[in-house]
$ cat query_12.txt   # compact mmCIF, C-alpha atoms
# COMPACT_ATOMS: atom_id res chain seq x y z
CA ALA A 5 -12.64 20.72 -13.25
CA GLU A 6 -10.87 17.73 -14.78
CA SER A 7 -9.54 16.64 -11.40
CA LEU A 8 -12.88 17.06 -9.66
CA ALA A 9 -14.66 14.99 -12.32
CA ALA A 10 -12.11 12.21 -11.88
CA ALA A 11 -12.47 12.44 -8.09
CA GLN A 12 -16.25 12.17 -8.38
CA ARG A 13 -15.82 9.08 -10.54
CA ALA A 14 -13.41 7.63 -7.97
CA GLY A 15 -15.85 8.44 -5.20
CA ARG A 16 -18.53 6.34 -6.88
CA LEU A 17 -16.29 3.28 -6.92
CA SER A 18 -17.33 0.44 -4.67
CA GLY A 19 -16.17 -3.10 -4.24
CA PRO A 20 -13.92 -5.37 -2.20
CA GLY A 21 -11.25 -3.58 -0.22
CA LEU A 22 -12.58 -0.03 -0.56
CA ALA A 23 -14.09 2.21 2.11
CA GLN A 24 -17.59 3.49 1.35
CA THR A 25 -17.80 7.10 0.13
CA LEU A 26 -20.50 9.46 1.38
CA GLU A 27 -19.51 12.64 -0.43
CA VAL A 28 -16.96 14.13 -2.81
CA PHE A 29 -16.26 17.85 -2.40
CA TRP A 30 -13.75 20.43 -3.55
CA ASP A 31 -11.60 22.32 -1.08
CA ASP A 32 -9.13 24.35 -3.12
CA PRO A 33 -6.68 23.18 -4.39
CA ARG A 34 -7.80 19.55 -4.22
CA PRO A 35 -10.85 17.27 -4.04
CA HIS A 36 -11.69 15.31 -0.89
CA LEU A 37 -13.68 12.18 -0.08
CA LEU A 38 -15.84 11.82 3.01
CA GLN A 39 -15.79 8.09 3.78
CA ILE A 40 -17.31 5.71 6.33
CA LEU A 41 -14.87 3.94 8.62
CA PRO A 42 -16.29 0.89 10.41
CA PRO A 43 -14.93 0.09 13.90
CA GLY A 44 -11.23 -0.70 13.73
CA VAL A 45 -7.79 0.93 13.68
CA SER A 46 -5.47 2.46 11.11
CA LEU A 47 -2.42 0.52 10.02
CA GLN A 48 -0.37 3.54 11.03
CA ARG A 49 -1.36 3.17 14.68
CA LEU A 50 -0.65 -0.56 14.59
CA MET A 51 2.84 0.01 13.22
CA ARG A 52 3.56 2.71 15.78
CA GLN A 53 2.55 0.38 18.60
CA ARG A 54 4.79 -2.41 17.29
CA PRO A 55 7.27 -1.63 14.47
CA ALA A 56 7.59 -5.21 13.16
CA TRP A 57 4.85 -7.84 13.27
CA GLY A 58 6.31 -10.70 11.25
CA THR A 59 5.15 -12.25 8.02
CA GLU A 60 1.76 -13.63 9.11
CA LEU A 61 0.13 -10.26 9.72
CA ALA A 62 2.14 -8.52 7.00
CA LEU A 63 0.92 -10.99 4.38
CA SER A 64 -2.65 -10.85 5.69
CA VAL A 65 -2.71 -7.06 5.42
CA ALA A 66 -1.05 -7.08 1.99
CA ARG A 67 -3.52 -9.70 0.71
CA GLY A 68 -6.41 -7.60 2.01
CA ALA A 69 -4.98 -4.46 0.43
CA ALA A 70 -4.65 -6.32 -2.87
CA GLU A 71 -8.46 -6.58 -2.92
CA GLY A 72 -8.82 -2.81 -2.99
CA ILE A 73 -5.94 -2.43 -5.42
CA ALA A 74 -7.57 -4.87 -7.85
CA THR A 75 -10.86 -2.97 -7.59
CA LEU A 76 -9.14 0.33 -8.37
CA HIS A 77 -7.07 -1.12 -11.21
CA ALA A 78 -10.20 -2.49 -12.86
CA ALA A 79 -11.56 1.07 -12.95
CA GLY A 80 -8.31 2.53 -14.27
CA PHE A 81 -7.12 4.07 -10.99
CA SER A 82 -3.85 3.65 -9.13
CA ALA A 83 -4.06 2.95 -5.41
CA GLY A 84 -1.71 5.87 -4.84
CA THR A 85 0.95 6.12 -2.17
CA LEU A 86 -0.17 3.03 -0.15
CA ARG A 87 1.18 4.42 3.09
CA ALA A 88 0.05 3.13 6.47
CA PRO A 89 -2.32 6.08 7.22
CA SER A 90 -4.35 5.26 4.09
CA ILE A 91 -5.12 1.67 5.18
CA TRP A 92 -7.87 0.83 7.66
CA LEU A 93 -8.21 -2.50 9.48
CA THR A 94 -11.68 -3.43 10.72
CA GLU A 95 -12.81 -5.45 13.72
CA LYS A 96 -14.02 -8.09 11.25
CA GLY A 97 -10.53 -8.50 9.82
CA GLU A 98 -11.14 -6.60 6.59
CA VAL A 99 -8.51 -4.32 5.04
CA LEU A 100 -9.89 -1.14 3.47
CA LEU A 101 -8.07 1.36 1.27
CA LEU A 102 -8.93 4.99 1.93
CA GLY A 103 -8.94 7.85 -0.55
CA HIS A 104 -9.69 5.76 -3.65
CA GLY A 105 -6.38 6.71 -5.24
CA LEU A 106 -6.91 10.48 -5.23
CA THR A 107 -3.14 10.97 -4.94
CA GLN A 108 -2.81 9.86 -8.58
CA LEU A 109 -5.09 12.57 -9.99
CA PRO A 110 -3.69 15.39 -12.17
CA TYR A 111 -4.01 18.07 -9.46
CA THR A 112 -1.24 16.35 -7.49
CA ARG A 113 2.22 17.71 -8.24
CA GLN A 114 4.40 15.38 -6.24
CA THR A 115 8.14 15.13 -6.78
CA TYR A 116 9.91 12.24 -5.09
CA TYR A 117 13.21 13.59 -3.78
CA GLY A 118 13.37 11.42 -0.67
CA LEU A 119 14.66 7.89 -0.23
CA PRO A 120 14.27 5.50 -3.18
CA SER A 121 11.69 3.49 -1.24
CA GLU A 122 9.21 6.36 -1.58
CA ALA A 123 8.56 5.51 -5.25
CA PRO A 124 9.39 2.84 -7.83
CA PRO A 125 12.27 3.68 -10.19
CA GLU A 126 10.06 4.93 -13.04
CA GLU A 127 8.43 7.52 -10.74
CA TYR A 128 11.41 8.47 -8.59
CA GLY A 129 12.57 12.07 -9.08
CA THR A 130 9.75 12.90 -11.50
CA GLN A 131 6.65 15.09 -11.31
CA ILE A 132 4.24 12.34 -12.29
CA PRO A 133 1.74 11.15 -9.65
CA PRO A 134 1.62 7.48 -8.55
CA MET A 135 0.60 5.20 -11.42
CA ILE A 136 -0.82 1.66 -11.67
CA PRO A 137 2.50 -0.11 -12.50
CA GLY A 138 4.00 1.28 -9.29
CA ASP A 139 1.33 -0.14 -6.98
CA PRO A 140 2.84 -3.66 -6.69
CA PHE A 141 6.19 -2.10 -5.80
CA ARG A 142 4.62 0.13 -3.13
CA LEU A 143 2.69 -2.82 -1.71
CA GLY A 144 5.91 -4.79 -1.40
CA ILE A 145 7.57 -1.89 0.42
CA LEU A 146 4.65 -1.73 2.86
CA LEU A 147 4.77 -5.51 3.42
CA MET A 148 8.48 -5.37 4.21
CA GLN A 149 8.00 -2.50 6.63
CA LEU A 150 5.27 -4.33 8.51
CA ALA A 151 7.06 -7.70 8.51
CA VAL A 152 10.65 -6.76 9.32
CA ASN A 153 10.69 -2.95 9.62
CA ASP A 154 13.15 -2.62 6.75
CA SER A 155 13.32 -1.61 3.10
CA PRO A 156 14.88 -3.79 0.38
CA VAL A 157 16.28 -0.77 -1.48
CA ARG A 158 17.36 1.60 1.29
CA GLN A 159 21.07 0.99 0.62
CA LEU A 160 20.88 2.02 -3.04
CA SER A 161 22.11 5.41 -4.18
CA PRO A 162 19.67 7.46 -6.31
CA MET A 163 21.85 7.02 -9.40
CA VAL A 164 21.99 3.22 -9.07
CA TYR A 165 18.28 3.13 -8.30
CA LEU A 166 17.38 5.06 -11.45
CA GLN A 167 19.56 2.85 -13.63
CA ARG A 168 17.37 -0.14 -12.62
CA ASP A 169 20.31 -2.53 -12.83
CA TRP A 170 19.92 -3.91 -9.30
CA GLU A 171 18.31 -6.66 -7.27
CA PRO A 172 16.33 -6.03 -4.05
CA ASP A 173 18.28 -6.78 -0.88
CA LEU A 174 16.25 -9.63 0.61
CA ASP A 175 19.07 -11.93 1.73
CA SER A 176 19.28 -10.52 5.24
CA HIS A 177 15.60 -11.35 5.83
CA ALA A 178 15.36 -14.57 3.79
CA ASP A 179 15.08 -16.78 6.87
CA ALA A 180 12.34 -14.66 8.42
CA LEU A 181 10.39 -14.33 5.18
CA GLY A 182 10.82 -17.85 3.82
CA PRO A 183 11.52 -18.86 0.20
CA LYS A 184 7.95 -18.46 -1.12
CA VAL A 185 7.50 -14.96 0.27
CA THR A 186 10.99 -13.95 -0.87
CA HIS A 187 10.20 -15.08 -4.43
CA MET A 188 6.88 -13.20 -4.35
CA LEU A 189 8.62 -10.01 -3.21
CA GLU A 190 11.15 -10.36 -6.01
CA LEU A 191 8.21 -10.19 -8.44
CA LEU A 192 6.81 -7.06 -6.80
CA PHE A 193 10.21 -5.34 -6.78
CA ARG A 194 11.07 -5.89 -10.43
CA PRO A 195 12.87 -2.72 -11.64
CA ASP A 196 11.05 -3.04 -14.98
CA SER A 197 7.45 -2.05 -14.25
CA VAL A 198 5.90 -4.19 -17.03
CA GLU A 199 7.06 -7.36 -15.24
CA ARG A 200 5.20 -6.63 -11.98
CA PRO A 201 1.83 -8.31 -11.35
CA ARG A 202 -1.14 -5.97 -11.05
CA GLY A 203 -4.92 -6.07 -10.72
CA GLU A 204 -6.38 -9.57 -10.41
CA LEU A 205 -2.95 -11.14 -10.93
CA LEU A 206 -1.55 -9.19 -7.99
CA ARG A 207 -4.35 -10.49 -5.79
CA GLU A 208 -3.66 -14.07 -6.93
CA VAL A 209 0.08 -13.75 -6.27
CA LEU A 210 -0.57 -12.51 -2.70
CA GLY A 211 -3.21 -15.19 -2.20
CA GLU A 212 -0.67 -17.95 -2.83
CA VAL A 213 1.45 -16.93 0.17
CA ALA A 214 -1.00 -15.25 2.56
CA PRO A 215 -2.51 -17.17 5.51
CA LYS A 216 -5.80 -18.86 4.69
CA ASP A 217 -7.29 -17.45 7.88
CA ARG A 218 -6.09 -13.91 7.16
CA LEU A 219 -9.30 -12.36 8.51
CA ARG A 220 -8.63 -13.89 11.92
CA VAL A 221 -5.03 -12.68 11.85
CA VAL A 222 -6.06 -9.09 11.15
CA ARG A 223 -8.95 -9.29 13.61
CA GLU A 224 -6.64 -10.36 16.43
CA ALA A 225 -4.18 -7.59 15.61
CA VAL A 226 -6.95 -5.00 15.77
CA ALA A 227 -8.09 -6.36 19.14
CA TRP A 228 -4.50 -6.28 20.44
CA SER A 229 -4.09 -2.68 19.27
CA ARG A 230 -7.14 -1.54 21.18
CA VAL A 231 -6.07 -3.29 24.38
CA ALA A 232 -2.58 -1.84 24.04
CA ALA A 233 -4.00 1.64 23.54
CA ASP A 234 -6.22 1.33 26.62
CA SER A 235 -3.37 0.07 28.78
CA SER A 236 -1.12 2.96 27.69
CA TRP A 237 -3.41 5.35 29.52
$ encode --input "query_12.txt" --output "structure tokens"
Amino acid sequence: AESLAAAQRAGRLSGPGLAQTLEVFWDDPRPHLLQILPPGVSLQRLMRQRPAWGTELALSVARGAAEGIATLHAAGFSAGTLRAPSIWLTEKGEVLLLGHGLTQLPYTRQTYYGLPSEAPPEEYGTQIPPMIPGDPFRLGILLMQLAVNDSPVRQLSPMVYLQRDWEPDLDSHADALGPKVTHMLELLFRPDSVERPRGELLREVLGEVAPKDRLRVVREAVAWSRVAADSSW
């Protein structure tokens, strides 16, 4: 009952960067949202069609996702896992988060035993669901995957990762990312969660490095994805 009440509250959320919810329902053992998806494509399909897109699209998508993250943070919700399937790109160039952070509700019993990049250090190897301080870290991981198809922490052993006495490996991609983006990513990847920007501040930090015409960038990527999908037939 506690989880369903929280899911119903999440389902009523609306604002920039969030998909519109039609219904919240319970299908044991978890709640679900029925949401409206405007014409577009999922980020997952885009990344399957082309593994690395470069910084322009990666920053545009991350800046758009920061809108939804800020909306959720203002209501006390984490954005959750922030994986490519939970991000929708519209024909208008908008970036919408799906699920309204349901993966951070108490019914979820997730334990991160995979690669360190699956969770920030404070959540790695625990049974706590994704929390707000981990969202900037997860957004940075997603940005790196889309930009250069790499992770800044994939070389770290679990023990080193948990000790938090490390710096993200950005040197190999510094030329491709540029100094401003590299510095921004260093903020998102801070091992100490209290030092990471979140909410409105996260949106401002992404806004300083994202393309000013980010809607056009996303719009063109969506159009390319559809043409590529048609030609594959």
$ atom_distance --input "query_12.txt" --atom1 "CA of Pro156 (chain A)" --atom2 "CA of Thr59 (chain A)"
15.0 Å
$ closest_residue --input "query_12.txt" --among "A:Val221, A:Leu106, A:Leu50, A:Ala178" --to "Leu8 (chain A)" --atoms "all atoms listed in the file"
A:Leu106
$ closest_atom_pairs --input "query_12.txt" --of "region 191-234 of chain A" --to "region 68-92 of chain A" --cutoff "8 Å" --atoms "only C-alpha atoms" --output "tab-separated table"
residue	atom	partner	partner_atom	distance
A:Arg202	CA	A:Ala74	CA	7.3
A:Gly203	CA	A:Ala74	CA	4.1
A:Glu204	CA	A:Ala74	CA	5.5
A:Leu206	CA	A:Ala70	CA	6.6
A:Arg207	CA	A:Ala70	CA	5.1
A:Leu210	CA	A:Ala70	CA	7.4
$ closest_residue --input "query_12.txt" --among "A:Gly21, A:Pro125, A:Gly138, A:Pro201" --to "Trp170 (chain A)" --atoms "all atoms listed in the file"
A:Pro125
$ closest_residue --input "query_12.txt" --among "A:Pro162, A:Thr94, A:Leu189, A:Val65" --to "Asp175 (chain A)" --atoms "only C-alpha atoms"
A:Leu189
$ residues_around --input "query_12.txt" --residues "Pro195 (chain A)" --least-positions-apart "3" --cutoff "12 Å" --atoms "all atoms listed in the file" --output "list in words"
Pro120, Ala123, Pro124, Pro125, Glu126, Glu127, Tyr128, Pro137, Gly138, Pro140, Phe141, Val157, Val164, Tyr165, Leu166, Gln167, Arg168, Asp169, Trp170, Glu171, Pro172, Leu189, Glu190, Leu191, Leu192, Val198, Glu199 and Arg200 of chain A
$ closest_residue --input "query_12.txt" --among "A:Gln39, A:Leu219, A:Leu147, A:His177" --to "Ala66 (chain A)" --atoms "only C-alpha atoms"
A:Leu147
$ closest_residue --input "query_12.txt" --among "A:Met163, A:Ala9, A:Leu61, A:Leu47" --to "Arg34 (chain A)" --atoms "all atoms listed in the file"
A:Ala9
$ atom_distance --input "query_12.txt" --atom1 "CA of Gln149 (chain A)" --atom2 "CA of Gly58 (chain A)"
9.6 Å
$ atom_distance --input "query_12.txt" --atom1 "CA of Glu98 (chain A)" --atom2 "CA of Val222 (chain A)"
7.3 Å
$ build_atoms --input "query_12.txt" --residues "region 206-217 of chain A" --atoms "all heavy atoms" --output "short mmCIF file (atom, residue, chain, number, x, y, z; two decimals), keeping the file's coordinate frame"
data_model
loop_
_atom_site.label_atom_id
_atom_site.label_comp_id
_atom_site.auth_asym_id
_atom_site.auth_seq_id
_atom_site.Cartn_x
_atom_site.Cartn_y
_atom_site.Cartn_z
N LEU A 206 -2.18 -9.57 -9.25
CA LEU A 206 -1.55 -9.19 -7.99
C LEU A 206 -2.26 -9.85 -6.81
O LEU A 206 -1.62 -10.37 -5.89
CB LEU A 206 -1.55 -7.67 -7.82
CG LEU A 206 -0.97 -7.13 -6.52
CD1 LEU A 206 0.50 -7.48 -6.39
CD2 LEU A 206 -1.16 -5.61 -6.45
N ARG A 207 -3.58 -9.85 -6.86
CA ARG A 207 -4.35 -10.49 -5.79
C ARG A 207 -4.07 -12.00 -5.74
O ARG A 207 -3.93 -12.58 -4.66
CB ARG A 207 -5.85 -10.25 -6.00
CG ARG A 207 -6.73 -10.84 -4.91
CD ARG A 207 -8.14 -10.35 -5.03
NE ARG A 207 -8.76 -10.72 -6.29
CZ ARG A 207 -10.00 -10.38 -6.64
NH1 ARG A 207 -10.73 -9.65 -5.83
NH2 ARG A 207 -10.50 -10.77 -7.79
N GLU A 208 -3.95 -12.64 -6.89
CA GLU A 208 -3.66 -14.07 -6.93
C GLU A 208 -2.27 -14.37 -6.38
O GLU A 208 -2.08 -15.34 -5.64
CB GLU A 208 -3.78 -14.58 -8.36
CG GLU A 208 -5.20 -14.57 -8.92
CD GLU A 208 -5.25 -15.01 -10.36
OE1 GLU A 208 -4.20 -15.46 -10.88
OE2 GLU A 208 -6.32 -14.90 -10.99
N VAL A 209 -1.29 -13.55 -6.74
CA VAL A 209 0.08 -13.75 -6.27
C VAL A 209 0.15 -13.64 -4.75
O VAL A 209 0.79 -14.46 -4.08
CB VAL A 209 1.03 -12.72 -6.93
CG1 VAL A 209 2.38 -12.72 -6.24
CG2 VAL A 209 1.20 -13.04 -8.41
N LEU A 210 -0.54 -12.65 -4.16
CA LEU A 210 -0.57 -12.51 -2.70
C LEU A 210 -1.34 -13.65 -2.06
O LEU A 210 -1.00 -14.13 -0.98
CB LEU A 210 -1.19 -11.18 -2.31
CG LEU A 210 -0.26 -10.00 -2.06
CD1 LEU A 210 0.65 -10.27 -0.87
CD2 LEU A 210 0.55 -9.63 -3.29
N GLY A 211 -2.39 -14.12 -2.75
CA GLY A 211 -3.21 -15.19 -2.20
C GLY A 211 -2.46 -16.51 -2.07
O GLY A 211 -2.79 -17.34 -1.22
N GLU A 212 -1.44 -16.70 -2.88
CA GLU A 212 -0.67 -17.95 -2.83
C GLU A 212 0.22 -18.05 -1.59
O GLU A 212 0.61 -19.15 -1.20
CB GLU A 212 0.19 -18.07 -4.09
CG GLU A 212 -0.62 -18.29 -5.37
CD GLU A 212 0.25 -18.35 -6.60
OE1 GLU A 212 1.49 -18.17 -6.44
OE2 GLU A 212 -0.27 -18.57 -7.70
N VAL A 213 0.54 -16.91 -0.98
CA VAL A 213 1.45 -16.93 0.17
C VAL A 213 0.81 -16.43 1.46
O VAL A 213 1.35 -16.62 2.55
CB VAL A 213 2.72 -16.08 -0.12
CG1 VAL A 213 3.53 -16.71 -1.23
CG2 VAL A 213 2.35 -14.64 -0.46
N ALA A 214 -0.35 -15.79 1.37
CA ALA A 214 -1.00 -15.25 2.56
C ALA A 214 -1.67 -16.36 3.37
O ALA A 214 -2.07 -17.39 2.82
CB ALA A 214 -2.04 -14.20 2.16
N PRO A 215 -1.81 -16.17 4.68
CA PRO A 215 -2.51 -17.17 5.51
C PRO A 215 -3.96 -17.35 5.04
O PRO A 215 -4.62 -16.40 4.64
CB PRO A 215 -2.47 -16.55 6.91
CG PRO A 215 -1.33 -15.60 6.88
CD PRO A 215 -1.28 -15.05 5.49
N LYS A 216 -4.43 -18.58 5.10
CA LYS A 216 -5.80 -18.86 4.69
C LYS A 216 -6.82 -18.22 5.64
O LYS A 216 -7.93 -17.89 5.24
CB LYS A 216 -6.03 -20.37 4.62
CG LYS A 216 -5.10 -21.10 3.65
CD LYS A 216 -5.19 -20.52 2.25
CE LYS A 216 -4.24 -21.25 1.28
NZ LYS A 216 -4.24 -20.62 -0.07
N ASP A 217 -6.41 -18.08 6.90
CA ASP A 217 -7.29 -17.45 7.88
C ASP A 217 -6.88 -16.00 8.12
O ASP A 217 -6.80 -15.54 9.26
CB ASP A 217 -7.29 -18.23 9.19
CG ASP A 217 -5.88 -18.38 9.77
OD1 ASP A 217 -4.91 -18.12 9.04
OD2 ASP A 217 -5.76 -18.74 10.95
#
